[in-house]
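File shown: my_file_2.pdb. Contents: PDB, C-alpha atoms.
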```pdb
ATOM      1  CA  MET T 189     -25.908 131.528 129.467  1.00  0.00           C
ATOM      2  CA  ARG T 190     -25.284 133.454 132.639  1.00  0.00           C
ATOM      3  CA  PHE T 191     -25.587 137.178 133.191  1.00  0.00           C
ATOM      4  CA  ARG T 192     -24.621 139.560 135.980  1.00  0.00           C
ATOM      5  CA  LEU T 193     -26.840 142.608 136.181  1.00  0.00           C
ATOM      6  CA  THR T 194     -25.726 145.673 138.077  1.00  0.00           C
ATOM      7  CA  LEU T 195     -28.713 147.484 139.512  1.00  0.00           C
ATOM      8  CA  GLN T 196     -28.971 150.961 140.916  1.00  0.00           C
ATOM      9  CA  LEU T 197     -31.621 151.570 143.555  1.00  0.00           C
ATOM     10  CA  GLU T 198     -33.736 154.639 142.858  1.00  0.00           C
ATOM     11  CA  PRO T 199     -34.990 155.533 146.367  1.00  0.00           C
ATOM     12  CA  HIS T 200     -36.122 159.005 145.331  1.00  0.00           C
ATOM     13  CA  ILE T 201     -38.975 157.394 143.340  1.00  0.00           C
ATOM     14  CA  SER T 202     -40.542 155.040 145.881  1.00  0.00           C
ATOM     15  CA  GLY T 203     -38.193 154.292 148.747  1.00  0.00           C
ATOM     16  CA  ARG T 204     -35.906 151.487 149.893  1.00  0.00           C
ATOM     17  CA  GLU T 205     -38.258 148.847 151.303  1.00  0.00           C
ATOM     18  CA  ILE T 206     -39.173 145.587 149.559  1.00  0.00           C
ATOM     19  CA  PRO T 207     -40.956 142.419 150.733  1.00  0.00           C
ATOM     20  CA  ILE T 208     -38.845 139.917 152.661  1.00  0.00           C
ATOM     21  CA  ASN T 209     -39.901 137.127 150.328  1.00  0.00           C
ATOM     22  CA  TYR T 210     -39.371 138.899 147.020  1.00  0.00           C
ATOM     23  CA  GLN T 211     -38.509 135.895 144.802  1.00  0.00           C
ATOM     24  CA  TYR T 212     -41.978 135.806 143.223  1.00  0.00           C
ATOM     25  CA  GLU T 213     -41.639 139.489 142.352  1.00  0.00           C
ATOM     26  CA  LEU T 214     -38.181 138.887 140.833  1.00  0.00           C
ATOM     27  CA  SER T 215     -39.612 136.084 138.721  1.00  0.00           C
ATOM     28  CA  SER T 216     -42.371 138.447 137.567  1.00  0.00           C
ATOM     29  CA  VAL T 217     -39.735 140.993 136.544  1.00  0.00           C
ATOM     30  CA  ILE T 218     -38.097 138.389 134.279  1.00  0.00           C
ATOM     31  CA  TYR T 219     -41.412 137.614 132.580  1.00  0.00           C
ATOM     32  CA  LYS T 220     -42.137 141.330 132.111  1.00  0.00           C
ATOM     33  CA  ILE T 221     -38.710 141.961 130.606  1.00  0.00           C
ATOM     34  CA  ILE T 222     -39.163 139.059 128.180  1.00  0.00           C
ATOM     35  CA  ALA T 223     -42.650 140.386 127.356  1.00  0.00           C
ATOM     36  CA  ASN T 224     -41.080 143.700 126.284  1.00  0.00           C
ATOM     37  CA  SER T 225     -39.505 141.718 123.465  1.00  0.00           C
ATOM     38  CA  ASP T 226     -42.209 139.116 122.786  1.00  0.00           C
ATOM     39  CA  GLU T 227     -45.429 139.087 124.788  1.00  0.00           C
ATOM     40  CA  GLN T 228     -46.666 135.741 123.382  1.00  0.00           C
ATOM     41  CA  TYR T 229     -43.412 133.984 124.227  1.00  0.00           C
ATOM     42  CA  SER T 230     -43.450 135.387 127.769  1.00  0.00           C
ATOM     43  CA  LYS T 231     -47.035 134.173 128.237  1.00  0.00           C
ATOM     44  CA  MET T 232     -46.133 130.678 126.994  1.00  0.00           C
ATOM     45  CA  LEU T 233     -43.068 130.549 129.249  1.00  0.00           C
ATOM     46  CA  HIS T 234     -45.106 131.640 132.277  1.00  0.00           C
ATOM     47  CA  GLU T 235     -48.166 129.455 131.722  1.00  0.00           C
ATOM     48  CA  ASP T 236     -46.664 126.296 130.219  1.00  0.00           C
ATOM     49  CA  GLY T 237     -42.879 126.451 130.218  1.00  0.00           C
ATOM     50  CA  PHE T 238     -41.186 123.532 128.573  1.00  0.00           C
ATOM     51  CA  THR T 239     -42.428 120.043 129.303  1.00  0.00           C
ATOM     52  CA  SER T 240     -40.588 116.794 129.735  1.00  0.00           C
ATOM     53  CA  THR T 241     -43.007 113.943 130.415  1.00  0.00           C
ATOM     54  CA  THR T 242     -45.071 115.304 133.332  1.00  0.00           C
ATOM     55  CA  LYS T 243     -42.747 118.074 134.543  1.00  0.00           C
ATOM     56  CA  HIS T 244     -42.740 121.726 133.524  1.00  0.00           C
ATOM     57  CA  PHE T 245     -39.516 123.742 133.372  1.00  0.00           C
ATOM     58  CA  LYS T 246     -38.995 127.469 132.950  1.00  0.00           C
ATOM     59  CA  LEU T 247     -35.334 127.031 131.893  1.00  0.00           C
ATOM     60  CA  PHE T 248     -34.052 129.991 133.862  1.00  0.00           C
ATOM     61  CA  THR T 249     -32.840 130.613 137.378  1.00  0.00           C
ATOM     62  CA  PHE T 250     -31.882 133.699 139.331  1.00  0.00           C
ATOM     63  CA  SER T 251     -30.137 134.732 142.510  1.00  0.00           C
ATOM     64  CA  ASN T 252     -31.376 136.884 145.331  1.00  0.00           C
ATOM     65  CA  LEU T 253     -30.440 140.541 145.119  1.00  0.00           C
ATOM     66  CA  ILE T 254     -26.882 140.907 146.370  1.00  0.00           C
ATOM     67  CA  ALA T 255     -25.856 144.082 148.156  1.00  0.00           C
ATOM     68  CA  PRO T 256     -22.091 144.657 147.862  1.00  0.00           C
ATOM     69  CA  TYR T 257     -21.615 145.540 151.517  1.00  0.00           C
ATOM     70  CA  ARG T 258     -24.440 143.457 153.002  1.00  0.00           C
ATOM     71  CA  GLY T 259     -26.498 146.618 153.187  1.00  0.00           C
ATOM     72  CA  ILE T 260     -29.837 144.939 153.741  1.00  0.00           C
ATOM     73  CA  GLU T 261     -31.475 144.717 157.157  1.00  0.00           C
ATOM     74  CA  LEU T 262     -34.664 143.114 158.395  1.00  0.00           C
ATOM     75  CA  LYS T 263     -37.303 145.541 159.570  1.00  0.00           C
ATOM     76  CA  LYS T 264     -39.110 143.386 162.138  1.00  0.00           C
ATOM     77  CA  ASP T 265     -42.329 145.283 162.674  1.00  0.00           C
ATOM     78  CA  THR T 266     -43.442 145.233 159.016  1.00  0.00           C
ATOM     79  CA  ASP T 267     -41.670 142.185 157.519  1.00  0.00           C
ATOM     80  CA  ARG T 268     -39.770 144.392 155.071  1.00  0.00           C
ATOM     81  CA  LEU T 269     -36.204 144.476 153.869  1.00  0.00           C
ATOM     82  CA  VAL T 270     -34.643 147.914 153.897  1.00  0.00           C
ATOM     83  CA  ILE T 271     -32.010 148.240 151.187  1.00  0.00           C
ATOM     84  CA  LYS T 272     -29.118 150.390 152.365  1.00  0.00           C
ATOM     85  CA  SER T 273     -26.823 150.009 149.340  1.00  0.00           C
ATOM     86  CA  ASN T 274     -27.360 152.108 146.244  1.00  0.00           C
ATOM     87  CA  THR T 275     -26.046 149.395 143.922  1.00  0.00           C
ATOM     88  CA  LEU T 276     -26.821 145.691 143.877  1.00  0.00           C
ATOM     89  CA  GLU T 277     -26.040 142.677 141.740  1.00  0.00           C
ATOM     90  CA  TRP T 278     -28.464 140.125 140.351  1.00  0.00           C
ATOM     91  CA  TYR T 279     -27.396 136.922 138.612  1.00  0.00           C
ATOM     92  CA  LEU T 280     -29.538 135.210 135.992  1.00  0.00           C
ATOM     93  CA  GLY T 281     -29.009 131.949 134.170  1.00  0.00           C
ATOM     94  CA  PHE T 282     -30.809 130.669 131.092  1.00  0.00           C
ATOM     95  CA  VAL T 283     -30.573 127.455 129.151  1.00  0.00           C
ATOM     96  CA  PRO T 284     -29.145 128.819 125.895  1.00  0.00           C
ATOM     97  CA  GLU T 285     -32.184 128.963 123.692  1.00  0.00           C
ATOM     98  CA  GLU T 286     -34.818 131.467 122.657  1.00  0.00           C
ATOM     99  CA  SER T 287     -35.401 132.999 126.100  1.00  0.00           C
ATOM    100  CA  THR T 288     -31.788 134.169 126.409  1.00  0.00           C
ATOM    101  CA  GLN T 289     -31.972 136.259 123.272  1.00  0.00           C
ATOM    102  CA  ARG T 290     -35.420 137.593 124.164  1.00  0.00           C
ATOM    103  CA  PHE T 291     -34.329 138.459 127.705  1.00  0.00           C
ATOM    104  CA  VAL T 292     -31.346 140.483 126.505  1.00  0.00           C
ATOM    105  CA  GLN T 293     -33.514 142.269 123.949  1.00  0.00           C
ATOM    106  CA  GLY T 294     -36.089 143.024 126.637  1.00  0.00           C
ATOM    107  CA  VAL T 295     -33.508 144.414 129.041  1.00  0.00           C
ATOM    108  CA  PHE T 296     -32.493 147.090 126.584  1.00  0.00           C
ATOM    109  CA  ILE T 297     -36.074 148.070 125.757  1.00  0.00           C
ATOM    110  CA  ASP T 298     -36.974 148.966 129.369  1.00  0.00           C
ATOM    111  CA  GLN T 299     -34.094 149.508 131.770  1.00  0.00           C
ATOM    112  CA  ARG T 300     -36.096 150.177 134.932  1.00  0.00           C
ATOM    113  CA  PHE T 301     -38.297 147.912 137.016  1.00  0.00           C
ATOM    114  CA  ARG T 302     -40.239 148.008 140.258  1.00  0.00           C
ATOM    115  CA  LEU T 303     -39.949 145.267 142.867  1.00  0.00           C
ATOM    116  CA  ALA T 304     -43.001 145.557 145.105  1.00  0.00           C
ATOM    117  CA  ASP T 305     -46.025 144.050 146.764  1.00  0.00           C
ATOM    118  CA  SER T 306     -49.158 145.804 148.023  1.00  0.00           C
ATOM    119  CA  VAL T 307     -47.315 147.265 151.044  1.00  0.00           C
ATOM    120  CA  SER T 308     -44.067 148.700 149.665  1.00  0.00           C
ATOM    121  CA  GLY T 309     -41.628 148.598 146.816  1.00  0.00           C
ATOM    122  CA  ALA T 310     -38.521 150.037 145.242  1.00  0.00           C
ATOM    123  CA  TRP T 311     -37.480 151.061 141.748  1.00  0.00           C
ATOM    124  CA  PHE T 312     -34.269 149.771 140.186  1.00  0.00           C
ATOM    125  CA  LYS T 313     -32.341 150.858 137.134  1.00  0.00           C
ATOM    126  CA  ILE T 314     -30.341 148.249 135.225  1.00  0.00           C
ATOM    127  CA  CYS T 315     -26.946 149.905 134.790  1.00  0.00           C
ATOM    128  CA  GLU T 316     -24.993 147.026 133.279  1.00  0.00           C
ATOM    129  CA  VAL T 317     -25.638 143.581 131.819  1.00  0.00           C
ATOM    130  CA  GLN T 318     -22.543 141.409 131.671  1.00  0.00           C
ATOM    131  CA  LEU T 319     -22.463 138.037 129.927  1.00  0.00           C
ATOM    132  CA  LEU T 320     -20.478 135.701 132.179  1.00  0.00           C
ATOM    133  CA  PRO T 321     -18.069 133.120 130.727  1.00  0.00           C
ATOM    134  CA  GLU T 322     -19.299 129.575 130.255  1.00  0.00           C
ATOM    135  CA  VAL T 323     -18.355 127.116 132.983  1.00  0.00           C
ATOM    136  CA  ASP T 324     -15.651 124.587 132.045  1.00  0.00           C
ATOM    137  CA  TRP T 325     -17.489 121.401 133.031  1.00  0.00           C
ATOM    138  CA  THR T 326     -14.705 118.961 133.816  1.00  0.00           C
ATOM    139  CA  PRO T 327     -15.228 115.695 135.745  1.00  0.00           C
ATOM    140  CA  ASP T 328     -13.806 117.190 138.950  1.00  0.00           C
ATOM    141  CA  VAL T 329     -15.271 120.704 138.809  1.00  0.00           C
ATOM    142  CA  GLU T 330     -16.384 122.204 142.112  1.00  0.00           C
ATOM    143  CA  PHE T 331     -18.791 125.079 142.394  1.00  0.00           C
ATOM    144  CA  GLU T 332     -21.060 126.833 144.840  1.00  0.00           C
ATOM    145  CA  THR T 333     -24.621 127.720 143.929  1.00  0.00           C
ATOM    146  CA  ILE T 334     -26.075 131.123 144.692  1.00  0.00           C
ATOM    147  CA  SER T 335     -29.641 129.819 144.538  1.00  0.00           C
ATOM    148  CA  PRO T 336     -31.201 126.448 145.386  1.00  0.00           C
ATOM    149  CA  ILE T 337     -31.119 123.726 142.746  1.00  0.00           C
ATOM    150  CA  SER T 338     -33.205 120.652 142.092  1.00  0.00           C
ATOM    151  CA  VAL T 339     -31.766 117.596 140.378  1.00  0.00           C
ATOM    152  CA  SER T 340     -33.671 114.631 138.958  1.00  0.00           C
ATOM    153  CA  LYS T 341     -32.156 111.405 137.751  1.00  0.00           C
ATOM    154  CA  HIS T 342     -33.974 108.700 135.819  1.00  0.00           C
TER     155      HIS T 342
END
```
Before we go any further, please render this structure as structure tokens.
Amino acid sequence: MRFRLTLQLEPHISGREIPINYQYELSSVIYKIIANSDEQYSKMLHEDGFTSTTKHFKLFTFSNLIAPYRGIELKKDTDRLVIKSNTLEWYLGFVPEESTQRFVQGVFIDQRFRLADSVSGAWFKICEVQLLPEVDWTPDVEFETISPISVSKH
């Protein structure tokens, strides 16, 4: 299942700057949102995930934050991103199983989150969660990823 989240930046709370490499923080947000619904499940997903032979999988993926008008600039002297747009999009994908339901439940329990490190951060409000249509996987389908993928073949 795929979701598009519309986020509103809340600069009046803590500003507009976030770390350049904020993917770890985004991943943490997902675990926290799931924990709002089921703390034990979030802990299991974070620590163990799902195993297949020797590999561990989290069964979710996510995009970078997407500013509608490319309103993000690099601030060279502090290695920060300054978010200029007030609204952003964030795409999440889950293998349709327990985490999808728990994620959606968690989103509606707490609709604000902070993306930060020890230097700076920003608060975001989740304004909309849209379930995206399933992909029609035909033999000749073409698509473009919005985040890196890893493929294994036995």
Next item on the list: Show which residues sit within 10 Å of Ile218 of chain T, as a PyMOL selection string. Count all atoms listed in the file, and ignore same-chain residues fewer than 2 positions away.
Entry: chain T and resi 213-216+220-223+230+234+248-250+280+291+294-295+301
Box centre and edge lengths (Å, one decimal), axis-aligned, segment 319-322 of chain T plus 8 Å each side, as AutoDock Vina command-line options:
```
--center_x -20.3 --center_y 133.8 --center_z 131.1 --size_x 20.4 --size_y 24.5 --size_z 18.3
```
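Take atom CA of Tyr279 of chain T and atom CA of Asn252 of chain T: the distance between them is 7.8 Å.
Nearest residue to Gly203 of chain T among T:Ile271, T:Leu253, T:Val292, T:Val283 is T:Ile271, counting only C-alpha atoms.
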Note to self: Taking only C-alpha atoms into account, name the residue in T:Glu332, T:Glu205, T:Glu227, T:Asp324 that is nearest to Leu262 of chain T.
What the structure shows: T:Glu205
How would you write, as an mmCIF file with C-alpha atoms, keeping the file's coordinate frame, the residues chosen by the PyMOL selection byres ((chain T and resi 272) around 12) on this structure?
```cif
data_model
loop_
_atom_site.group_PDB
_atom_site.id
_atom_site.type_symbol
_atom_site.label_atom_id
_atom_site.label_comp_id
_atom_site.auth_asym_id
_atom_site.auth_seq_id
_atom_site.Cartn_x
_atom_site.Cartn_y
_atom_site.Cartn_z
ATOM 1 C CA GLN T 196 -28.971 150.961 140.916
ATOM 2 C CA LEU T 197 -31.621 151.570 143.555
ATOM 3 C CA GLU T 198 -33.736 154.639 142.858
ATOM 4 C CA PRO T 199 -34.990 155.533 146.367
ATOM 5 C CA GLY T 203 -38.193 154.292 148.747
ATOM 6 C CA ARG T 204 -35.906 151.487 149.893
ATOM 7 C CA GLU T 205 -38.258 148.847 151.303
ATOM 8 C CA ILE T 206 -39.173 145.587 149.559
ATOM 9 C CA ILE T 254 -26.882 140.907 146.370
ATOM 10 C CA ALA T 255 -25.856 144.082 148.156
ATOM 11 C CA PRO T 256 -22.091 144.657 147.862
ATOM 12 C CA TYR T 257 -21.615 145.540 151.517
ATOM 13 C CA ARG T 258 -24.440 143.457 153.002
ATOM 14 C CA GLY T 259 -26.498 146.618 153.187
ATOM 15 C CA ILE T 260 -29.837 144.939 153.741
ATOM 16 C CA GLU T 261 -31.475 144.717 157.157
ATOM 17 C CA LEU T 262 -34.664 143.114 158.395
ATOM 18 C CA LYS T 263 -37.303 145.541 159.570
ATOM 19 C CA LEU T 269 -36.204 144.476 153.869
ATOM 20 C CA VAL T 270 -34.643 147.914 153.897
ATOM 21 C CA ILE T 271 -32.010 148.240 151.187
ATOM 22 C CA SER T 273 -26.823 150.009 149.340
ATOM 23 C CA ASN T 274 -27.360 152.108 146.244
ATOM 24 C CA THR T 275 -26.046 149.395 143.922
ATOM 25 C CA LEU T 276 -26.821 145.691 143.877
ATOM 26 C CA ALA T 310 -38.521 150.037 145.242
#
```
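If you measure from each of T:Ser251, T:Ser306, T:Gln211, T:Thr242 to Ser335 of chain T using all atoms listed in the file, the closest one turns out to be T:Ser251.
In this structure, atom CA of Cys315 of chain T sits 18.3 Å away from atom CA of Ser202 of chain T.
Atom CA of Leu193 of chain T lies 10.9 Å from atom CA of Gln299 of chain T.
Within 6 Å of the point (-26.0, 141.1, 131.9), and counting only C-alpha atoms, the protein, DNA and RNA residues are Phe191, Arg192, Leu193, Val317, Gln318 and Leu319 of chain T.
Each of T:Ala304, T:Phe282, T:Phe312, T:Asn224 was checked against Tyr210 of chain T using only C-alpha atoms; the smallest atom-to-atom distance is that of T:Ala304.
Closest to Thr266 of chain T among T:Arg300, T:Pro207, T:Gln228, T:Trp311 is T:Pro207, based on only C-alpha atoms.
For the choices T:Tyr212, T:Phe296, T:Tyr219, T:Phe331, the atom-to-atom distance to Lys313 of chain T is smallest for T:Phe296 when using only C-alpha atoms.
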